[in-house]
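So this block is run26.txt, compact mmCIF, C-alpha atoms and all ligand atoms:
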# COMPACT_ATOMS: atom_id res chain seq x y z
CA MET V 1 -12.83 11.33 -16.84
CA SER V 2 -14.08 8.08 -15.40
CA ALA V 3 -15.99 8.26 -12.13
CA ALA V 4 -13.40 5.86 -10.77
CA THR V 5 -10.70 8.54 -11.04
CA ILE V 6 -10.34 11.26 -8.39
CA GLU V 7 -8.50 14.45 -9.30
CA PHE V 8 -6.32 16.23 -6.74
CA ASP V 9 -4.13 19.33 -6.94
CA HIS V 10 -0.57 19.31 -8.33
CA GLY V 11 -1.38 16.99 -11.23
CA ILE V 12 -2.13 14.04 -8.97
CA SER V 13 -5.01 11.68 -9.56
CA ALA V 14 -6.13 8.40 -8.02
CA ILE V 15 -7.31 5.70 -10.39
CA ASP V 16 -9.41 2.90 -8.95
CA THR V 17 -7.67 -0.30 -10.06
CA GLY V 18 -10.89 -2.29 -9.66
CA PHE V 19 -9.16 -4.82 -7.43
CA PHE V 20 -11.49 -6.55 -4.92
CA ARG V 21 -14.07 -3.74 -4.48
CA PRO V 22 -14.55 -0.08 -5.40
CA GLN V 23 -12.20 2.34 -3.58
CA PHE V 24 -10.04 -0.47 -2.21
CA ASP V 25 -6.88 -0.31 -4.33
CA ALA V 26 -5.54 2.83 -6.03
CA SER V 27 -2.95 3.61 -8.64
CA HIS V 28 -1.75 7.21 -8.43
CA LEU V 29 -0.87 9.15 -11.55
CA ILE V 30 1.33 12.23 -11.38
CA VAL V 31 1.41 14.48 -14.46
CA HIS V 32 4.00 17.26 -14.58
CA ASN V 33 5.15 19.34 -17.56
CA SER V 34 3.34 16.90 -19.88
CA ARG V 35 5.27 13.92 -18.51
CA ALA V 36 3.80 11.27 -16.25
CA ALA V 37 4.54 8.75 -13.53
CA PHE V 38 2.42 6.02 -12.01
CA VAL V 39 2.82 5.06 -8.36
CA ASP V 40 1.59 1.49 -7.88
CA VAL V 41 -0.40 -0.14 -10.64
CA GLY V 42 -2.81 -2.75 -9.27
CA THR V 43 -2.97 -6.08 -11.07
CA ASN V 44 -2.94 -7.22 -14.71
CA TYR V 45 -6.70 -6.66 -14.75
CA SER V 46 -6.19 -3.01 -13.72
CA ILE V 47 -4.05 -2.03 -16.70
CA PRO V 48 -6.90 -1.13 -19.11
CA ARG V 49 -8.24 1.26 -16.44
CA LEU V 50 -4.83 2.91 -16.04
CA LEU V 51 -4.39 3.35 -19.79
CA GLU V 52 -7.93 4.73 -20.07
CA ALA V 53 -7.27 7.26 -17.30
CA LEU V 54 -4.04 8.28 -19.03
CA ALA V 55 -5.81 8.78 -22.35
CA ALA V 56 -8.60 10.74 -20.65
CA LYS V 57 -5.98 13.21 -19.43
CA GLY V 58 -4.59 13.55 -22.94
CA VAL V 59 -1.28 11.98 -21.95
CA GLY V 60 0.25 9.59 -24.48
CA VAL V 61 1.72 6.26 -23.47
CA ASP V 62 5.09 7.55 -24.70
CA ALA V 63 4.91 10.42 -22.15
CA VAL V 64 5.09 8.12 -19.15
CA ASP V 65 8.64 8.22 -17.83
CA TRP V 66 8.25 6.25 -14.62
CA VAL V 67 6.33 3.41 -13.05
CA ILE V 68 7.17 3.55 -9.35
CA LEU V 69 6.28 0.61 -7.10
CA THR V 70 6.04 1.20 -3.35
CA HIS V 71 6.60 -2.54 -2.89
CA VAL V 72 6.07 -5.75 -4.80
CA HIS V 73 2.93 -7.15 -3.12
CA LEU V 74 0.65 -8.14 -5.98
CA ASP V 75 -2.16 -5.63 -5.36
CA HIS V 76 0.47 -2.90 -5.92
CA ALA V 77 2.81 -4.47 -8.44
CA GLY V 78 1.06 -7.42 -10.09
CA GLY V 79 0.30 -5.51 -13.29
CA ALA V 80 3.71 -3.84 -13.61
CA GLY V 81 5.10 -6.15 -16.28
CA LEU V 82 2.01 -5.85 -18.46
CA LEU V 83 1.87 -2.06 -18.03
CA MET V 84 5.54 -1.67 -18.93
CA GLN V 85 4.84 -3.44 -22.24
CA GLN V 86 2.44 -0.57 -23.08
CA LEU V 87 4.78 2.29 -22.08
CA PRO V 88 7.72 2.45 -24.48
CA ASN V 89 9.72 5.09 -22.57
CA ALA V 90 9.00 4.14 -18.97
CA ARG V 91 11.43 2.77 -16.45
CA LEU V 92 10.36 0.82 -13.40
CA VAL V 93 11.47 2.13 -9.99
CA VAL V 94 11.51 -0.38 -7.16
CA HIS V 95 13.34 -1.09 -3.88
CA PRO V 96 16.60 -3.03 -4.42
CA ARG V 97 15.09 -6.00 -2.55
CA GLY V 98 12.08 -6.01 -4.89
CA ALA V 99 13.88 -5.57 -8.21
CA ARG V 100 14.70 -9.23 -8.88
CA HIS V 101 11.06 -10.17 -8.27
CA MET V 102 9.93 -7.84 -11.03
CA ILE V 103 12.58 -9.19 -13.41
CA ASP V 104 11.65 -12.80 -12.57
CA PRO V 105 8.22 -12.96 -10.89
CA SER V 106 8.33 -16.71 -10.17
CA ALA V 107 9.32 -16.39 -6.48
CA LEU V 108 6.70 -13.69 -6.01
CA ILE V 109 4.00 -15.95 -7.41
CA ALA V 110 5.15 -18.81 -5.20
CA GLY V 111 5.09 -16.56 -2.11
CA ALA V 112 1.64 -15.20 -2.89
CA THR V 113 0.37 -18.71 -3.62
CA ALA V 114 1.51 -19.73 -0.13
CA VAL V 115 -0.62 -16.94 1.36
CA TYR V 116 -3.68 -17.01 -0.91
CA GLY V 117 -3.70 -20.40 -2.71
CA ALA V 118 -3.16 -21.15 -6.42
CA ALA V 119 -6.76 -20.75 -7.60
CA GLU V 120 -7.09 -17.32 -5.97
CA ILE V 121 -3.77 -16.18 -7.45
CA GLU V 122 -4.86 -17.08 -10.98
CA ARG V 123 -8.31 -15.55 -10.53
CA SER V 124 -7.15 -12.30 -8.92
CA TYR V 125 -3.82 -11.71 -10.61
CA GLY V 126 -3.46 -13.81 -13.79
CA THR V 127 -0.01 -14.50 -15.19
CA LEU V 128 2.68 -11.99 -14.21
CA ALA V 129 4.81 -10.58 -17.03
CA PRO V 130 8.52 -10.10 -16.28
CA VAL V 131 10.11 -6.66 -16.66
CA PRO V 132 13.35 -6.56 -18.69
CA ALA V 133 16.26 -5.95 -16.29
CA GLU V 134 17.56 -2.99 -18.28
CA ARG V 135 14.28 -1.13 -17.66
CA VAL V 136 14.48 -1.55 -13.86
CA VAL V 137 15.91 1.20 -11.63
CA GLN V 138 16.74 0.19 -8.06
CA ALA V 139 15.75 2.92 -5.60
CA SER V 140 17.89 2.83 -2.49
CA ASP V 141 17.19 5.22 0.36
CA GLY V 142 17.54 8.80 -0.90
CA HIS V 143 17.12 7.95 -4.57
CA VAL V 144 15.56 10.84 -6.49
CA VAL V 145 13.26 10.23 -9.46
CA ASP V 146 13.21 13.21 -11.83
CA LEU V 147 9.78 13.71 -13.38
CA ALA V 148 10.39 16.51 -15.88
CA GLY V 149 12.12 18.58 -13.20
CA ARG V 150 9.86 17.53 -10.32
CA GLU V 151 11.84 15.63 -7.71
CA LEU V 152 10.31 12.51 -6.18
CA LEU V 153 12.42 11.33 -3.24
CA CYS V 154 12.38 7.62 -2.39
CA LEU V 155 12.78 6.65 1.26
CA ASP V 156 13.49 3.13 2.46
CA THR V 157 10.51 2.49 4.77
CA PRO V 158 10.49 -1.03 6.23
CA GLY V 159 7.85 -2.26 8.67
CA HIS V 160 5.08 -3.50 6.36
CA ALA V 161 7.65 -5.09 4.06
CA ARG V 162 11.43 -4.95 3.86
CA HIS V 163 11.23 -4.05 0.17
CA HIS V 164 9.08 -0.95 0.68
CA ILE V 165 9.74 2.64 -0.38
CA CYS V 166 7.63 5.70 0.29
CA ILE V 167 7.89 8.59 -2.15
CA TRP V 168 8.09 12.23 -1.01
CA ASP V 169 6.73 14.83 -3.40
CA ALA V 170 7.80 18.25 -2.07
CA MET V 171 5.51 20.04 -4.54
CA SER V 172 2.35 18.61 -2.94
CA ARG V 173 3.97 18.08 0.48
CA ALA V 174 2.75 14.51 0.24
CA PHE V 175 4.07 11.02 0.61
CA PHE V 176 2.87 8.18 -1.56
CA THR V 177 2.86 5.64 1.22
CA GLY V 178 1.93 2.27 -0.29
CA ASP V 179 1.06 0.24 2.83
CA THR V 180 3.54 1.79 5.31
CA PHE V 181 1.04 4.43 6.49
CA GLY V 182 -1.75 1.85 6.84
CA LEU V 183 -5.16 1.54 5.20
CA SER V 184 -7.94 4.10 5.23
CA TYR V 185 -11.18 3.24 3.51
CA ARG V 186 -13.40 6.17 2.69
CA GLU V 187 -16.52 4.43 4.05
CA PHE V 188 -15.13 5.11 7.55
CA ASP V 189 -14.76 8.89 7.12
CA THR V 190 -16.50 11.02 9.74
CA ASP V 191 -16.47 14.72 10.57
CA LYS V 192 -13.26 13.96 12.48
CA GLY V 193 -11.68 12.88 9.20
CA ALA V 194 -10.20 9.57 8.15
CA PHE V 195 -10.09 6.33 10.16
CA ILE V 196 -6.84 4.43 9.74
CA VAL V 197 -5.68 0.84 10.34
CA PRO V 198 -2.12 -0.54 10.16
CA THR V 199 -1.43 -3.46 7.85
CA SER V 200 0.77 -6.37 8.93
CA THR V 201 0.36 -8.56 5.84
CA PRO V 202 2.78 -11.55 5.71
CA VAL V 203 5.65 -12.08 5.63
CA GLN V 204 7.82 -9.12 6.70
CA PHE V 205 5.84 -7.23 9.37
CA GLU V 206 8.30 -5.56 11.77
CA PRO V 207 6.56 -3.34 14.34
CA ASP V 208 9.64 -1.40 15.49
CA ALA V 209 10.61 -0.63 11.91
CA LEU V 210 7.03 0.39 11.10
CA HIS V 211 6.93 2.86 14.03
CA ALA V 212 10.26 4.31 12.87
CA SER V 213 9.17 4.61 9.22
CA ILE V 214 6.01 6.48 10.23
CA ASP V 215 8.00 8.88 12.41
CA ARG V 216 10.58 9.44 9.72
CA MET V 217 7.85 10.50 7.28
CA LEU V 218 6.31 12.82 9.90
CA GLY V 219 9.67 14.59 10.07
CA PHE V 220 8.97 15.98 6.58
CA GLU V 221 5.81 17.66 7.94
CA PRO V 222 3.58 16.25 5.21
CA GLN V 223 0.23 17.92 4.60
CA GLN V 224 -1.29 14.83 3.08
CA MET V 225 -0.61 11.18 2.38
CA PHE V 226 -1.66 9.17 -0.66
CA LEU V 227 -2.35 5.60 0.46
CA THR V 228 -2.79 2.77 -2.00
CA HIS V 229 -5.79 1.70 0.13
CA TYR V 230 -7.44 4.27 -0.39
CA SER V 231 -5.83 7.47 -1.61
CA ARG V 232 -5.63 10.83 0.09
CA VAL V 233 -5.79 11.43 3.82
CA THR V 234 -5.08 14.67 5.68
CA GLY V 235 -4.55 15.40 9.37
CA VAL V 236 -1.40 13.34 9.19
CA GLU V 237 -0.21 13.84 12.78
CA ARG V 238 -3.40 12.47 14.31
CA LEU V 239 -3.39 9.54 11.90
CA ALA V 240 0.23 8.76 12.76
CA ALA V 241 -0.63 8.74 16.47
CA ASP V 242 -3.58 6.42 15.73
CA LEU V 243 -1.30 4.10 13.77
CA HIS V 244 1.27 3.98 16.57
CA GLU V 245 -1.45 3.06 19.10
CA SER V 246 -2.96 0.41 16.85
CA ILE V 247 0.40 -1.19 16.01
CA ASP V 248 1.11 -1.53 19.75
CA ALA V 249 -2.36 -2.96 20.34
CA MET V 250 -1.93 -5.49 17.51
CA VAL V 251 1.42 -6.62 18.88
CA ALA V 252 -0.10 -6.98 22.36
CA ILE V 253 -2.92 -9.11 20.92
CA ALA V 254 -0.46 -11.34 19.09
CA ARG V 255 1.68 -11.77 22.20
CA ALA V 256 -1.33 -12.55 24.40
CA HIS V 257 -2.27 -15.49 22.16
CA ALA V 258 1.24 -16.61 21.18
CA HIS V 259 0.95 -20.00 22.86
CA ASP V 260 -2.77 -20.54 22.37
CA SER V 261 -3.84 -23.68 20.45
CA ALA V 262 -6.56 -21.59 18.75
CA ARG V 263 -4.08 -18.78 18.12
CA HIS V 264 -5.25 -17.79 14.64
CA ALA V 265 -8.93 -17.57 15.54
CA ARG V 266 -8.24 -15.67 18.77
CA ILE V 267 -5.93 -13.11 17.17
CA ALA V 268 -8.44 -12.56 14.34
CA HIS V 269 -11.26 -12.17 16.86
CA ASP V 270 -9.37 -9.64 18.96
CA LEU V 271 -8.24 -7.64 15.92
CA GLY V 272 -11.89 -7.44 14.87
CA GLU V 273 -12.83 -6.15 18.34
CA LEU V 274 -9.94 -3.65 18.27
CA PHE V 275 -10.93 -2.17 14.92
CA VAL V 276 -14.65 -2.11 15.72
CA THR V 277 -13.99 -0.34 19.03
CA ARG V 278 -11.64 2.16 17.44
CA SER V 279 -13.98 2.87 14.51
CA GLN V 280 -16.83 3.51 16.95
CA ALA V 281 -14.64 5.81 19.03
CA HIS V 282 -13.90 7.66 15.79
CA GLY V 283 -17.64 8.18 15.33
CA CYS V 284 -18.22 5.80 12.43
CA ALA V 285 -21.94 5.24 11.99
CA LEU V 286 -21.43 1.92 10.17
CA ASP V 287 -22.99 -1.03 11.95
CA VAL V 288 -20.64 -3.61 13.43
CA GLU V 289 -21.31 -6.21 10.73
CA HIS V 290 -20.48 -3.71 7.99
CA VAL V 291 -17.23 -2.74 9.72
CA ARG V 292 -16.25 -6.40 10.01
CA GLU V 293 -17.19 -7.03 6.37
CA LEU V 294 -15.13 -4.09 5.08
CA LEU V 295 -12.12 -5.15 7.16
CA ALA V 296 -12.54 -8.94 6.86
CA MET V 297 -9.71 -9.49 4.39
CA ASP V 298 -7.37 -7.13 6.26
CA ILE V 299 -8.13 -8.81 9.59
CA GLU V 300 -7.27 -12.19 8.05
CA LEU V 301 -4.05 -10.91 6.46
CA ASN V 302 -3.06 -8.98 9.59
CA THR V 303 -3.59 -12.14 11.62
CA GLN V 304 -1.40 -14.17 9.29
CA GLY V 305 1.30 -11.48 9.36
CA LEU V 306 1.27 -11.30 13.16
CA GLU V 307 1.59 -15.09 13.33
CA VAL V 308 4.60 -15.04 11.01
CA TRP V 309 6.10 -12.30 13.19
CA LEU V 310 5.46 -14.37 16.35
CA GLU V 311 7.19 -17.37 14.78
CA LYS V 312 10.23 -15.24 13.96
CA GLN V 313 10.33 -13.85 17.53
CA SER V 314 10.30 -17.35 18.99
CA LYS V 315 13.32 -18.30 16.86
CA GLN V 316 15.43 -15.34 18.00
ZN ZN K 401 1.59 -4.72 0.95
What is this structure when it is put down as structure tokens?
Ligand SMILES: [Zn+2]
Amino acid sequence: MSAATIEFDHGISAIDTGFFRPQFDASHLIVHNSRAAFVDVGTNYSIPRLLEALAAKGVGVDAVDWVILTHVHLDHAGGAGLLMQQLPNARLVVHPRGARHMIDPSALIAGATAVYGAAEIERSYGTLAPVPAERVVQASDGHVVDLAGRELLCLDTPGHARHHICIWDAMSRAFFTGDTFGLSYREFDTDKGAFIVPTSTPVQFEPDALHASIDRMLGFEPQQMFLTHYSRVTGVERLAADLHESIDAMVAIARAHAHDSARHARIAHDLGELFVTRSQAHGCALDVEHVRELLAMDIELNTQGLEVWLEKQSKQ
């Protein structure tokens, strides 16, 4: 098994997709009764790693029944079309609002190009392959995916994106949370456990919905969460409380600078201060520069997402 794959109980493993940096972006593989499902897949460039991890577990490509996408942001879903070409029996599970973007990725590419720029899209994601419509299953709230008798329950969980599902696996008492339960990089772990940061990536950040989605998941009394960035966290109640506090703080920062001519720079600056302060309070020994470096991309994306949210507020 590759060092980039982490094995957990209940047939769950986390495969490092190789996107951006080590332990940044995970694809989770669930193997049950010799059948398999992927949850999130990384980008086109991740697919060889996923197939290698599958082979290393002795699971054939024809034994993969499901490719489940938490949402269609490209670090989660960019490789889905290419992966589906390699998995003859798999069906793609995606939120009804995300389905058409997997069948015809052109709008998705245009949206991501608006956020990241054309050169970065080509370099980081390559050309997205469409998924044939007949292989796409739309997962509305309450949809159950049957993995060889193991029920995976899809919940509609807006807040990070309006096309987001989180997947409840009763067997492991875990949610696969995509980006709804924030980001938690392992470099920040201390003896208190994980450090967690919400993500407000453009263009559908909705703080009230995000609070509600987090609370709804807590109602299942999960013992662990599998985040795409990065994999398993435990101590879910504390992390949920931390997320609620940070979401409120992020919204307050955005509001404070709503009418500032240097709005972007000031929001980004204050988010940096917020996350540095909170990571230090958590006991992280990383120096401030390292914290800022690890969170630089998220701070930029969170800033952009908060600005989009502010613009929407001002139009209401
Ligand atoms: Zn996302």
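Closest approach to ligand ZN 401 (chain K) among V:His76, V:Arg292, V:Lys312, V:His244 is made by V:His76 (distances from all atoms listed in the file).
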Using all atoms listed in the file, tabulate the residues of chain V lying at most 9 Å from any atom of ligand ZN 401 (chain K), each with its closest atom pair and that distance in Å to one decimal, by chain and increasing residue number, as CSV.
residue,atom,partner,partner_atom,distance
V:Thr70,CA,K:ZN401,ZN,8.6
V:His71,CA,K:ZN401,ZN,6.7
V:Val72,CA,K:ZN401,ZN,7.4
V:His73,CA,K:ZN401,ZN,4.9
V:Leu74,CA,K:ZN401,ZN,7.8
V:Asp75,CA,K:ZN401,ZN,7.4
V:His76,CA,K:ZN401,ZN,7.2
V:His160,CA,K:ZN401,ZN,6.6
V:Ala161,CA,K:ZN401,ZN,6.8
V:His164,CA,K:ZN401,ZN,8.4
V:Gly178,CA,K:ZN401,ZN,7.1
V:Asp179,CA,K:ZN401,ZN,5.3
V:Thr180,CA,K:ZN401,ZN,8.1
V:Thr199,CA,K:ZN401,ZN,7.6
V:Ser200,CA,K:ZN401,ZN,8.2
V:Thr201,CA,K:ZN401,ZN,6.3
V:Pro202,CA,K:ZN401,ZN,8.4
Pick out the residues sitting within 12 Å of Ala148 (chain V), and hand them over as number ranges by chain; count only C-alpha atoms, and ignore anything fewer than 3 positions along from it in its own chain. V: 30-37, 63-66, 145, 151-152
With only C-alpha atoms as the counted atoms, please give the residues lying no more than 10 Å from Ala249 (chain V), apart from itself and same-chain residues fewer than 4 positions off, as a ChimeraX atom specification. /V:243-245,253-255,270-271,274
Rounded to one decimal, what separation in Å do you get between CA of Pro48 (chain V) and CA of Ala112 (chain V)? 23.1 Å
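With all atoms listed in the file taken into account, every residue lying no more than 12 Å from the file point (-7.0, 14.3, -19.3) is included here: Met1, Ser2, Thr5, Ile6, Glu7, Gly11, Ile12, Ser13, Leu29, Ile30, Val31, Ser34, Ala36, Leu51, Glu52, Ala53, Leu54, Ala55, Ala56, Lys57, Gly58, Val59 and Gly60 of chain V.
Across the structure, CA of Phe175 (chain V) and CA of Met217 (chain V) are spaced 7.7 Å apart.
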Using all atoms listed in the file: which of V:Ala26, V:Ile109, V:Ile267, V:Ala4 has the shortest distance to Leu301 (chain V):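 Among V:Ala26, V:Ile109, V:Ile267, V:Ala4, it is V:Ile267 that comes nearest to Leu301 (chain V).
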Point (19.1, -0.2, -7.9), cut-off 10 Å, counting all atoms listed in the file, residues as an mmCIF file with C-alpha atoms, keeping the file's coordinate frame:
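Saved to selection-v7.cif:
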data_model
loop_
_atom_site.group_PDB
_atom_site.id
_atom_site.type_symbol
_atom_site.label_atom_id
_atom_site.label_comp_id
_atom_site.auth_asym_id
_atom_site.auth_seq_id
_atom_site.Cartn_x
_atom_site.Cartn_y
_atom_site.Cartn_z
ATOM 1 C CA VAL V 93 11.470 2.130 -9.990
ATOM 2 C CA VAL V 94 11.510 -0.380 -7.160
ATOM 3 C CA HIS V 95 13.340 -1.090 -3.880
ATOM 4 C CA PRO V 96 16.600 -3.030 -4.420
ATOM 5 C CA ARG V 97 15.090 -6.000 -2.550
ATOM 6 C CA GLY V 98 12.080 -6.010 -4.890
ATOM 7 C CA ALA V 99 13.880 -5.570 -8.210
ATOM 8 C CA VAL V 136 14.480 -1.550 -13.860
ATOM 9 C CA VAL V 137 15.910 1.200 -11.630
ATOM 10 C CA GLN V 138 16.740 0.190 -8.060
ATOM 11 C CA ALA V 139 15.750 2.920 -5.600
ATOM 12 C CA SER V 140 17.890 2.830 -2.490
ATOM 13 C CA HIS V 143 17.120 7.950 -4.570
#
Tell me, in Å to one decimal, how far CA of Ser246 (chain V) is from CA of Ser279 (chain V).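 A separation of 11.5 Å between them.
Each of V:Gly142, V:Ala209, V:Ile196, V:Gln204 was checked against Ala240 (chain V) using all atoms listed in the file; the smallest atom-to-atom distance is that of V:Ile196.
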Shell around Val288 (chain V) at 12 Å using all atoms listed in the file, local window under 5 positions removed, as a PyMOL selection string: chain V and resi 188+272-280+293-296
